[in-house]
file protein.pdb (PDB, C-alpha atoms)
ATOM      1  CA  ASP A1236     -16.530  -4.813   7.398  1.00  0.00           C
ATOM      2  CA  ALA A1237     -17.784  -1.399   6.374  1.00  0.00           C
ATOM      3  CA  LYS A1238     -17.748  -0.517   2.693  1.00  0.00           C
ATOM      4  CA  THR A1239     -15.805   2.380   1.290  1.00  0.00           C
ATOM      5  CA  THR A1240     -16.483   4.741  -1.602  1.00  0.00           C
ATOM      6  CA  GLN A1241     -13.750   6.383  -3.639  1.00  0.00           C
ATOM      7  CA  PRO A1242     -13.907   8.398  -6.849  1.00  0.00           C
ATOM      8  CA  PRO A1243     -12.770   6.261  -9.786  1.00  0.00           C
ATOM      9  CA  SER A1244      -9.921   8.531 -10.787  1.00  0.00           C
ATOM     10  CA  MET A1245      -8.033  11.708 -10.027  1.00  0.00           C
ATOM     11  CA  ASP A1246      -5.266  13.701 -11.647  1.00  0.00           C
ATOM     12  CA  CYS A1247      -2.565  15.628  -9.855  1.00  0.00           C
ATOM     13  CA  ALA A1248       0.337  17.789 -10.979  1.00  0.00           C
ATOM     14  CA  GLU A1249       3.822  16.631 -10.113  1.00  0.00           C
ATOM     15  CA  GLY A1250       5.153  18.394  -7.024  1.00  0.00           C
ATOM     16  CA  ARG A1251       1.716  19.306  -5.732  1.00  0.00           C
ATOM     17  CA  ALA A1252      -0.093  17.705  -2.830  1.00  0.00           C
ATOM     18  CA  ALA A1253      -2.487  14.917  -3.767  1.00  0.00           C
ATOM     19  CA  ASN A1254      -5.563  14.657  -1.566  1.00  0.00           C
ATOM     20  CA  LEU A1255      -7.326  11.334  -2.010  1.00  0.00           C
ATOM     21  CA  PRO A1256     -10.813  11.131  -0.469  1.00  0.00           C
ATOM     22  CA  CYS A1257     -12.612   8.105   0.923  1.00  0.00           C
ATOM     23  CA  ASN A1258     -16.095   7.754   2.384  1.00  0.00           C
ATOM     24  CA  HIS A1259     -16.825   5.062   4.952  1.00  0.00           C
ATOM     25  CA  SER A1260     -20.085   6.212   6.502  1.00  0.00           C
ATOM     26  CA  THR A1261     -20.935   2.818   8.040  1.00  0.00           C
ATOM     27  CA  ILE A1262     -17.637   2.372   9.843  1.00  0.00           C
ATOM     28  CA  SER A1263     -17.851   0.843  13.312  1.00  0.00           C
ATOM     29  CA  GLY A1264     -16.014   1.992  16.389  1.00  0.00           C
ATOM     30  CA  ASN A1265     -13.386  -0.743  16.284  1.00  0.00           C
ATOM     31  CA  GLU A1266     -12.699  -0.624  12.546  1.00  0.00           C
ATOM     32  CA  TYR A1267      -9.482   0.791  11.161  1.00  0.00           C
ATOM     33  CA  VAL A1268      -8.984   2.664   7.896  1.00  0.00           C
ATOM     34  CA  TYR A1269      -6.166   1.259   5.752  1.00  0.00           C
ATOM     35  CA  TRP A1270      -4.633   2.686   2.600  1.00  0.00           C
ATOM     36  CA  TYR A1271      -2.734   0.636   0.059  1.00  0.00           C
ATOM     37  CA  ARG A1272      -1.638   1.354  -3.464  1.00  0.00           C
ATOM     38  CA  GLN A1273      -0.910  -0.877  -6.398  1.00  0.00           C
ATOM     39  CA  ILE A1274       1.390   0.059  -9.198  1.00  0.00           C
ATOM     40  CA  HIS A1275       0.732  -1.839 -12.385  1.00  0.00           C
ATOM     41  CA  SER A1276       1.578  -5.552 -12.219  1.00  0.00           C
ATOM     42  CA  GLN A1277       2.930  -5.383  -8.690  1.00  0.00           C
ATOM     43  CA  GLY A1278       1.615  -6.436  -5.301  1.00  0.00           C
ATOM     44  CA  PRO A1279      -0.128  -3.764  -3.229  1.00  0.00           C
ATOM     45  CA  GLN A1280       2.046  -1.526  -1.094  1.00  0.00           C
ATOM     46  CA  TYR A1281       1.008  -0.610   2.428  1.00  0.00           C
ATOM     47  CA  ILE A1282       0.833   3.154   2.951  1.00  0.00           C
ATOM     48  CA  ILE A1283      -0.757   3.986   6.273  1.00  0.00           C
ATOM     49  CA  HIS A1284      -3.610   3.139   8.614  1.00  0.00           C
ATOM     50  CA  GLY A1285      -5.500   4.785  11.440  1.00  0.00           C
ATOM     51  CA  LEU A1286      -8.365   4.409  13.860  1.00  0.00           C
ATOM     52  CA  LYS A1287      -9.481   7.929  14.755  1.00  0.00           C
ATOM     53  CA  ASN A1288      -6.439  10.119  15.176  1.00  0.00           C
ATOM     54  CA  ASN A1289      -4.618  11.637  12.247  1.00  0.00           C
ATOM     55  CA  GLU A1290      -1.519   9.703  11.277  1.00  0.00           C
ATOM     56  CA  THR A1291       1.650  10.611   9.409  1.00  0.00           C
ATOM     57  CA  ASN A1292       4.565   8.558   8.189  1.00  0.00           C
ATOM     58  CA  GLU A1293       7.320   8.968   5.640  1.00  0.00           C
ATOM     59  CA  MET A1294       4.958   8.250   2.768  1.00  0.00           C
ATOM     60  CA  ALA A1295       1.757  10.091   3.561  1.00  0.00           C
ATOM     61  CA  SER A1296      -0.650  11.611   6.048  1.00  0.00           C
ATOM     62  CA  LEU A1297      -4.061  10.253   6.921  1.00  0.00           C
ATOM     63  CA  ILE A1298      -6.741  12.649   8.054  1.00  0.00           C
ATOM     64  CA  ILE A1299      -9.840  11.048   9.571  1.00  0.00           C
ATOM     65  CA  THR A1300     -12.885  13.217  10.258  1.00  0.00           C
ATOM     66  CA  GLU A1301     -14.129  13.475  13.803  1.00  0.00           C
ATOM     67  CA  ASP A1302     -17.220  11.381  13.041  1.00  0.00           C
ATOM     68  CA  ARG A1303     -14.925   8.867  11.261  1.00  0.00           C
ATOM     69  CA  LYS A1304     -17.264   8.705   8.279  1.00  0.00           C
ATOM     70  CA  SER A1305     -14.618   9.843   5.845  1.00  0.00           C
ATOM     71  CA  SER A1306     -10.893  10.212   5.497  1.00  0.00           C
ATOM     72  CA  THR A1307      -8.306  11.780   3.218  1.00  0.00           C
ATOM     73  CA  LEU A1308      -4.935  10.399   2.251  1.00  0.00           C
ATOM     74  CA  ILE A1309      -2.453  13.164   1.556  1.00  0.00           C
ATOM     75  CA  LEU A1310       0.665  12.683  -0.528  1.00  0.00           C
ATOM     76  CA  PRO A1311       2.470  15.944   0.249  1.00  0.00           C
ATOM     77  CA  HIS A1312       4.586  16.237  -2.901  1.00  0.00           C
ATOM     78  CA  ALA A1313       3.342  13.900  -5.592  1.00  0.00           C
ATOM     79  CA  THR A1314       5.846  12.423  -8.028  1.00  0.00           C
ATOM     80  CA  LEU A1315       5.352  10.480 -11.243  1.00  0.00           C
ATOM     81  CA  ARG A1316       6.109   7.301  -9.286  1.00  0.00           C
ATOM     82  CA  ASP A1317       2.995   7.900  -7.192  1.00  0.00           C
ATOM     83  CA  THR A1318       0.820   7.073 -10.202  1.00  0.00           C
ATOM     84  CA  ALA A1319      -1.076   3.983  -9.048  1.00  0.00           C
ATOM     85  CA  VAL A1320      -4.441   2.607  -7.976  1.00  0.00           C
ATOM     86  CA  TYR A1321      -5.104   3.596  -4.382  1.00  0.00           C
ATOM     87  CA  TYR A1322      -7.302   1.487  -2.150  1.00  0.00           C
ATOM     88  CA  CYS A1323      -9.058   2.725   0.960  1.00  0.00           C
ATOM     89  CA  ILE A1324     -10.131  -0.274   3.053  1.00  0.00           C
ATOM     90  CA  VAL A1325     -11.930  -0.561   6.342  1.00  0.00           C
ATOM     91  CA  ARG A1326     -10.998  -3.554   8.459  1.00  0.00           C
ATOM     92  CA  GLY A1327     -12.670  -4.542  11.679  1.00  0.00           C
ATOM     93  CA  GLY A1328     -10.741  -5.197  14.866  1.00  0.00           C
ATOM     94  CA  GLY A1329     -12.016  -8.755  14.963  1.00  0.00           C
ATOM     95  CA  SER A1330     -11.475  -9.506  11.293  1.00  0.00           C
ATOM     96  CA  GLU A1331      -8.149 -10.166   9.657  1.00  0.00           C
ATOM     97  CA  LYS A1332      -9.351  -9.846   6.101  1.00  0.00           C
ATOM     98  CA  LEU A1333      -8.658  -6.958   3.774  1.00  0.00           C
ATOM     99  CA  VAL A1334     -11.409  -6.750   1.176  1.00  0.00           C
ATOM    100  CA  PHE A1335     -10.366  -4.724  -1.839  1.00  0.00           C
ATOM    101  CA  GLY A1336     -12.838  -2.564  -3.740  1.00  0.00           C
ATOM    102  CA  LYS A1337     -12.204  -0.970  -7.107  1.00  0.00           C
ATOM    103  CA  GLY A1338      -9.917   1.695  -5.723  1.00  0.00           C
ATOM    104  CA  MET A1339      -9.067   5.046  -7.270  1.00  0.00           C
ATOM    105  CA  LYS A1340      -6.601   5.588 -10.098  1.00  0.00           C
ATOM    106  CA  LEU A1341      -4.301   8.508  -9.339  1.00  0.00           C
ATOM    107  CA  THR A1342      -2.387   9.885 -12.288  1.00  0.00           C
ATOM    108  CA  VAL A1343       0.427  12.294 -11.545  1.00  0.00           C
ATOM    109  CA  ASN A1344       1.149  14.470 -14.550  1.00  0.00           C
ATOM    110  CA  PRO A1345       4.446  16.220 -15.289  1.00  0.00           C
TER     111      PRO A1345
ATOM    112  CA  GLY B 367       8.079  -1.824   5.901  1.00  0.00           C
ATOM    113  CA  ALA B 368       8.190  -5.565   6.218  1.00  0.00           C
ATOM    114  CA  VAL B 369       9.263  -7.625   3.208  1.00  0.00           C
ATOM    115  CA  VAL B 370       7.324 -10.465   1.653  1.00  0.00           C
ATOM    116  CA  SER B 371       8.731 -12.447  -1.242  1.00  0.00           C
ATOM    117  CA  GLN B 372       7.108 -14.776  -3.741  1.00  0.00           C
ATOM    118  CA  HIS B 373       8.610 -17.412  -5.960  1.00  0.00           C
ATOM    119  CA  PRO B 374       8.398 -17.779  -8.850  1.00  0.00           C
ATOM    120  CA  SER B 375       7.528 -14.337 -10.192  1.00  0.00           C
ATOM    121  CA  TRP B 376       6.048 -15.897 -13.285  1.00  0.00           C
ATOM    122  CA  VAL B 377       5.313 -19.405 -14.484  1.00  0.00           C
ATOM    123  CA  ILE B 378       3.958 -20.955 -17.650  1.00  0.00           C
ATOM    124  CA  CYS B 379       2.594 -24.476 -17.492  1.00  0.00           C
ATOM    125  CA  LYS B 380       0.596 -26.927 -19.538  1.00  0.00           C
ATOM    126  CA  SER B 381      -3.032 -27.630 -18.831  1.00  0.00           C
ATOM    127  CA  GLY B 382      -3.450 -30.458 -16.327  1.00  0.00           C
ATOM    128  CA  THR B 383      -0.202 -29.902 -14.457  1.00  0.00           C
ATOM    129  CA  SER B 384       0.192 -28.599 -10.919  1.00  0.00           C
ATOM    130  CA  VAL B 385       2.030 -25.439  -9.952  1.00  0.00           C
ATOM    131  CA  LYS B 386       3.374 -24.460  -6.536  1.00  0.00           C
ATOM    132  CA  ILE B 387       3.877 -20.850  -5.492  1.00  0.00           C
ATOM    133  CA  GLU B 388       5.890 -19.961  -2.398  1.00  0.00           C
ATOM    134  CA  CYS B 389       5.323 -16.950  -0.155  1.00  0.00           C
ATOM    135  CA  ARG B 390       7.873 -15.979   2.475  1.00  0.00           C
ATOM    136  CA  SER B 391       7.962 -13.246   5.085  1.00  0.00           C
ATOM    137  CA  LEU B 392      11.637 -12.303   5.126  1.00  0.00           C
ATOM    138  CA  ASP B 393      12.054 -10.153   8.193  1.00  0.00           C
ATOM    139  CA  PHE B 394       9.123 -10.957  10.432  1.00  0.00           C
ATOM    140  CA  GLN B 395       7.117 -13.911  11.632  1.00  0.00           C
ATOM    141  CA  ALA B 396       3.686 -13.993  10.080  1.00  0.00           C
ATOM    142  CA  THR B 397       0.905 -15.303  12.244  1.00  0.00           C
ATOM    143  CA  THR B 398      -1.465 -15.122   9.307  1.00  0.00           C
ATOM    144  CA  MET B 399      -0.959 -15.329   5.566  1.00  0.00           C
ATOM    145  CA  PHE B 400      -3.431 -14.605   2.800  1.00  0.00           C
ATOM    146  CA  TRP B 401      -3.726 -15.550  -0.841  1.00  0.00           C
ATOM    147  CA  TYR B 402      -5.362 -13.298  -3.410  1.00  0.00           C
ATOM    148  CA  ARG B 403      -6.039 -13.593  -7.105  1.00  0.00           C
ATOM    149  CA  GLN B 404      -6.307 -10.743  -9.558  1.00  0.00           C
ATOM    150  CA  PHE B 405      -7.634 -10.940 -13.106  1.00  0.00           C
ATOM    151  CA  PRO B 406      -6.786  -8.244 -15.676  1.00  0.00           C
ATOM    152  CA  LYS B 407      -8.395  -4.877 -14.989  1.00  0.00           C
ATOM    153  CA  GLN B 408     -10.016  -6.213 -11.810  1.00  0.00           C
ATOM    154  CA  SER B 409      -9.351  -5.752  -8.143  1.00  0.00           C
ATOM    155  CA  LEU B 410      -7.784  -8.290  -5.818  1.00  0.00           C
ATOM    156  CA  MET B 411     -10.020 -11.114  -4.673  1.00  0.00           C
ATOM    157  CA  LEU B 412      -9.244 -12.898  -1.436  1.00  0.00           C
ATOM    158  CA  MET B 413      -8.982 -16.648  -1.921  1.00  0.00           C
ATOM    159  CA  ALA B 414      -8.035 -17.915   1.511  1.00  0.00           C
ATOM    160  CA  THR B 415      -6.623 -17.108   4.912  1.00  0.00           C
ATOM    161  CA  SER B 416      -4.175 -19.373   6.664  1.00  0.00           C
ATOM    162  CA  ASN B 417      -2.656 -19.509  10.108  1.00  0.00           C
ATOM    163  CA  GLU B 418       0.540 -21.379  10.834  1.00  0.00           C
ATOM    164  CA  GLY B 419      -0.087 -25.005  11.633  1.00  0.00           C
ATOM    165  CA  SER B 420      -3.795 -24.996  10.901  1.00  0.00           C
ATOM    166  CA  LYS B 421      -6.001 -25.525   7.888  1.00  0.00           C
ATOM    167  CA  ALA B 422      -6.688 -22.612   5.598  1.00  0.00           C
ATOM    168  CA  THR B 423     -10.059 -20.903   5.541  1.00  0.00           C
ATOM    169  CA  TYR B 424     -11.279 -20.515   1.983  1.00  0.00           C
ATOM    170  CA  GLU B 425     -13.567 -17.807   0.690  1.00  0.00           C
ATOM    171  CA  GLN B 426     -16.897 -18.778  -0.776  1.00  0.00           C
ATOM    172  CA  GLY B 427     -16.570 -20.105  -4.282  1.00  0.00           C
ATOM    173  CA  VAL B 428     -12.885 -21.025  -4.007  1.00  0.00           C
ATOM    174  CA  GLU B 429     -12.264 -24.750  -4.495  1.00  0.00           C
ATOM    175  CA  LYS B 430     -10.161 -25.990  -1.623  1.00  0.00           C
ATOM    176  CA  ASP B 431      -9.227 -29.177  -3.476  1.00  0.00           C
ATOM    177  CA  LYS B 432      -7.943 -27.196  -6.421  1.00  0.00           C
ATOM    178  CA  PHE B 433      -6.048 -24.520  -4.527  1.00  0.00           C
ATOM    179  CA  LEU B 434      -4.065 -26.280  -1.822  1.00  0.00           C
ATOM    180  CA  ILE B 435      -2.594 -24.041   0.822  1.00  0.00           C
ATOM    181  CA  ASN B 436       0.076 -25.087   3.289  1.00  0.00           C
ATOM    182  CA  HIS B 437       1.286 -22.771   6.026  1.00  0.00           C
ATOM    183  CA  ALA B 438       4.095 -24.874   7.422  1.00  0.00           C
ATOM    184  CA  SER B 439       5.948 -22.222   9.380  1.00  0.00           C
ATOM    185  CA  LEU B 440       5.676 -18.637  10.535  1.00  0.00           C
ATOM    186  CA  THR B 441       7.615 -17.485   7.493  1.00  0.00           C
ATOM    187  CA  LEU B 442       6.400 -19.748   4.683  1.00  0.00           C
ATOM    188  CA  SER B 443       3.107 -20.462   2.978  1.00  0.00           C
ATOM    189  CA  THR B 444       2.605 -22.288  -0.296  1.00  0.00           C
ATOM    190  CA  LEU B 445      -0.249 -22.282  -2.790  1.00  0.00           C
ATOM    191  CA  THR B 446      -0.508 -25.243  -5.130  1.00  0.00           C
ATOM    192  CA  VAL B 447      -2.795 -24.942  -8.116  1.00  0.00           C
ATOM    193  CA  THR B 448      -3.679 -28.525  -8.949  1.00  0.00           C
ATOM    194  CA  SER B 449      -4.644 -29.687 -12.432  1.00  0.00           C
ATOM    195  CA  ALA B 450      -4.363 -26.166 -13.732  1.00  0.00           C
ATOM    196  CA  HIS B 451      -6.523 -25.049 -16.634  1.00  0.00           C
ATOM    197  CA  PRO B 452      -6.381 -21.924 -18.798  1.00  0.00           C
ATOM    198  CA  GLU B 453      -9.082 -20.263 -16.697  1.00  0.00           C
ATOM    199  CA  ASP B 454      -6.706 -20.439 -13.713  1.00  0.00           C
ATOM    200  CA  SER B 455      -4.349 -18.075 -15.503  1.00  0.00           C
ATOM    201  CA  SER B 456      -4.128 -15.051 -13.247  1.00  0.00           C
ATOM    202  CA  PHE B 457      -1.933 -12.925 -11.002  1.00  0.00           C
ATOM    203  CA  TYR B 458      -1.587 -14.590  -7.601  1.00  0.00           C
ATOM    204  CA  ILE B 459      -0.537 -12.414  -4.683  1.00  0.00           C
ATOM    205  CA  CYS B 460       0.189 -13.391  -1.110  1.00  0.00           C
ATOM    206  CA  SER B 461       0.283 -11.226   1.959  1.00  0.00           C
ATOM    207  CA  ALA B 462       1.424 -11.728   5.515  1.00  0.00           C
ATOM    208  CA  ARG B 463       0.887 -10.105   8.860  1.00  0.00           C
ATOM    209  CA  SER B 464       1.867 -10.380  12.432  1.00  0.00           C
ATOM    210  CA  PRO B 465      -0.340  -8.130  14.510  1.00  0.00           C
ATOM    211  CA  GLY B 466      -0.545  -4.997  12.394  1.00  0.00           C
ATOM    212  CA  PRO B 467      -0.970  -4.262   8.702  1.00  0.00           C
ATOM    213  CA  GLN B 468      -0.739  -6.840   5.945  1.00  0.00           C
ATOM    214  CA  PHE B 469       2.321  -6.695   3.726  1.00  0.00           C
ATOM    215  CA  PHE B 470       2.080  -8.025   0.211  1.00  0.00           C
ATOM    216  CA  GLY B 471       4.395  -9.989  -1.985  1.00  0.00           C
ATOM    217  CA  PRO B 472       5.235  -8.902  -5.538  1.00  0.00           C
ATOM    218  CA  GLY B 473       2.872 -11.435  -7.068  1.00  0.00           C
ATOM    219  CA  THR B 474       3.195 -14.461  -9.348  1.00  0.00           C
ATOM    220  CA  ARG B 475       1.914 -14.400 -12.912  1.00  0.00           C
ATOM    221  CA  LEU B 476       0.525 -17.822 -13.846  1.00  0.00           C
ATOM    222  CA  THR B 477      -0.196 -18.660 -17.465  1.00  0.00           C
ATOM    223  CA  VAL B 478      -1.739 -22.021 -18.242  1.00  0.00           C
ATOM    224  CA  LEU B 479      -1.530 -23.099 -21.865  1.00  0.00           C
TER     225      LEU B 479
END
call {"tool": "encode", "arguments": {"input": "protein.pdb", "output": "structure tokens"}}
result
Amino acid sequence: DAKTTQPPSMDCAEGRAANLPCNHSTISGNEYVYWYRQIHSQGPQYIIHGLKNNETNEMASLIITEDRKSSTLILPHATLRDTAVYYCIVRGGGSEKLVFGKGMKLTVNP
Amino acid sequence: GAVVSQHPSWVICKSGTSVKIECRSLDFQATTMFWYRQFPKQSLMLMATSNEGSKATYEQGVEKDKFLINHASLTLSTLTVTSAHPEDSSFYICSARSPGPQFFGPGTRLTVL
């Protein structure tokens, strides 16, 4: 599975949009981009995933660049409860595993 | 999203005893279940992958005789930590999927004294 690169941390003001970047320059054509988040001492929470088209659900939007080498997770109106470690993970179509990297700590400030 | 439960949420045991952790998918049938371990201030590490009715596939470095995994049905997988020692103290998290994303349980905090 392709590796991903995320900044270690990011701050965001409450009520503002949080744009979380992820680089996955070695992604293959059949690999999906998944986003999860983990709030302290809890299991990870699924947010969204996509292959090449932009995706939106009730939690977030996922924007994948045309060359698929990077993506951005957008939380449209961040709240204090969105403070968590966010993981961007690339998973191949033929592989079931999710391999977690270090993730990115998002802190939403009042 | 789909719901995955774990039981117990925390357990304290004496060194040398065995501990069983249950993972259930509550509202879907999971073709595959996964077990992860997380040490403080570290990321999740995949321990093993299991499919219903077949033997689990363990990641390199994970002792299959120490961490026994049983995936007896499409909604239940168990992880048994045998002869637990203090270094096995960790946060154990399961996940489950049918075709689609993995959904994670809330985790089980194991402390071995």
call {"tool": "resolve_selection", "arguments": {"input": "protein.pdb", "expression": "the ChimeraX specification (/B :<7) & /A", "output": "ChimeraX atom specification"}}
result
/A:1277-1281,1335-1337
call {"tool": "closest_residue", "arguments": {"input": "protein.pdb", "among": "A:Lys1287, A:Lys1238, A:Lys1332, A:Arg1316", "to": "Ile1274 (chain A)", "atoms": "all atoms listed in the file"}}
result
A:Arg1316
call {"tool": "residues_around", "arguments": {"input": "protein.pdb", "residues": "Gln395 (chain B)", "least_positions_apart": "2", "cutoff": "8 Å", "atoms": "only C-alpha atoms", "output": "list of chain:residue names"}}
result
B:Ser391, B:Asp393, B:Thr397, B:Leu440, B:Thr441, B:Arg463, B:Ser464
call {"tool": "closest_residue", "arguments": {"input": "protein.pdb", "among": "A:His1259, A:Arg1326, A:Lys1340, A:Arg1251", "to": "Leu1310 (chain A)", "atoms": "only C-alpha atoms"}}
result
A:Arg1251
call {"tool": "residues_around", "arguments": {"input": "protein.pdb", "residues": "Ile1309 (chain A)", "least_positions_apart": "4", "cutoff": "7 Å", "atoms": "only C-alpha atoms", "output": "short mmCIF file (atom, residue, chain, number, x, y, z; two decimals) with C-alpha atoms, keeping the file's coordinate frame"}}
result
data_model
loop_
_atom_site.label_atom_id
_atom_site.label_comp_id
_atom_site.auth_asym_id
_atom_site.auth_seq_id
_atom_site.Cartn_x
_atom_site.Cartn_y
_atom_site.Cartn_z
CA ALA A 1252 -0.09 17.70 -2.83
CA ALA A 1253 -2.49 14.92 -3.77
CA ASN A 1254 -5.56 14.66 -1.57
CA LEU A 1255 -7.33 11.33 -2.01
CA ALA A 1295 1.76 10.09 3.56
CA SER A 1296 -0.65 11.61 6.05
CA LEU A 1297 -4.06 10.25 6.92
#
call {"tool": "resolve_selection", "arguments": {"input": "protein.pdb", "expression": "the PyMOL selection byres ((chain A and resi 1319) around 12)", "output": "count of residues only"}}
result
31
call {"tool": "atom_distance", "arguments": {"input": "protein.pdb", "atom1": "CA of Gln1241 (chain A)", "atom2": "CA of Trp401 (chain B)"}}
result
24.3 Å
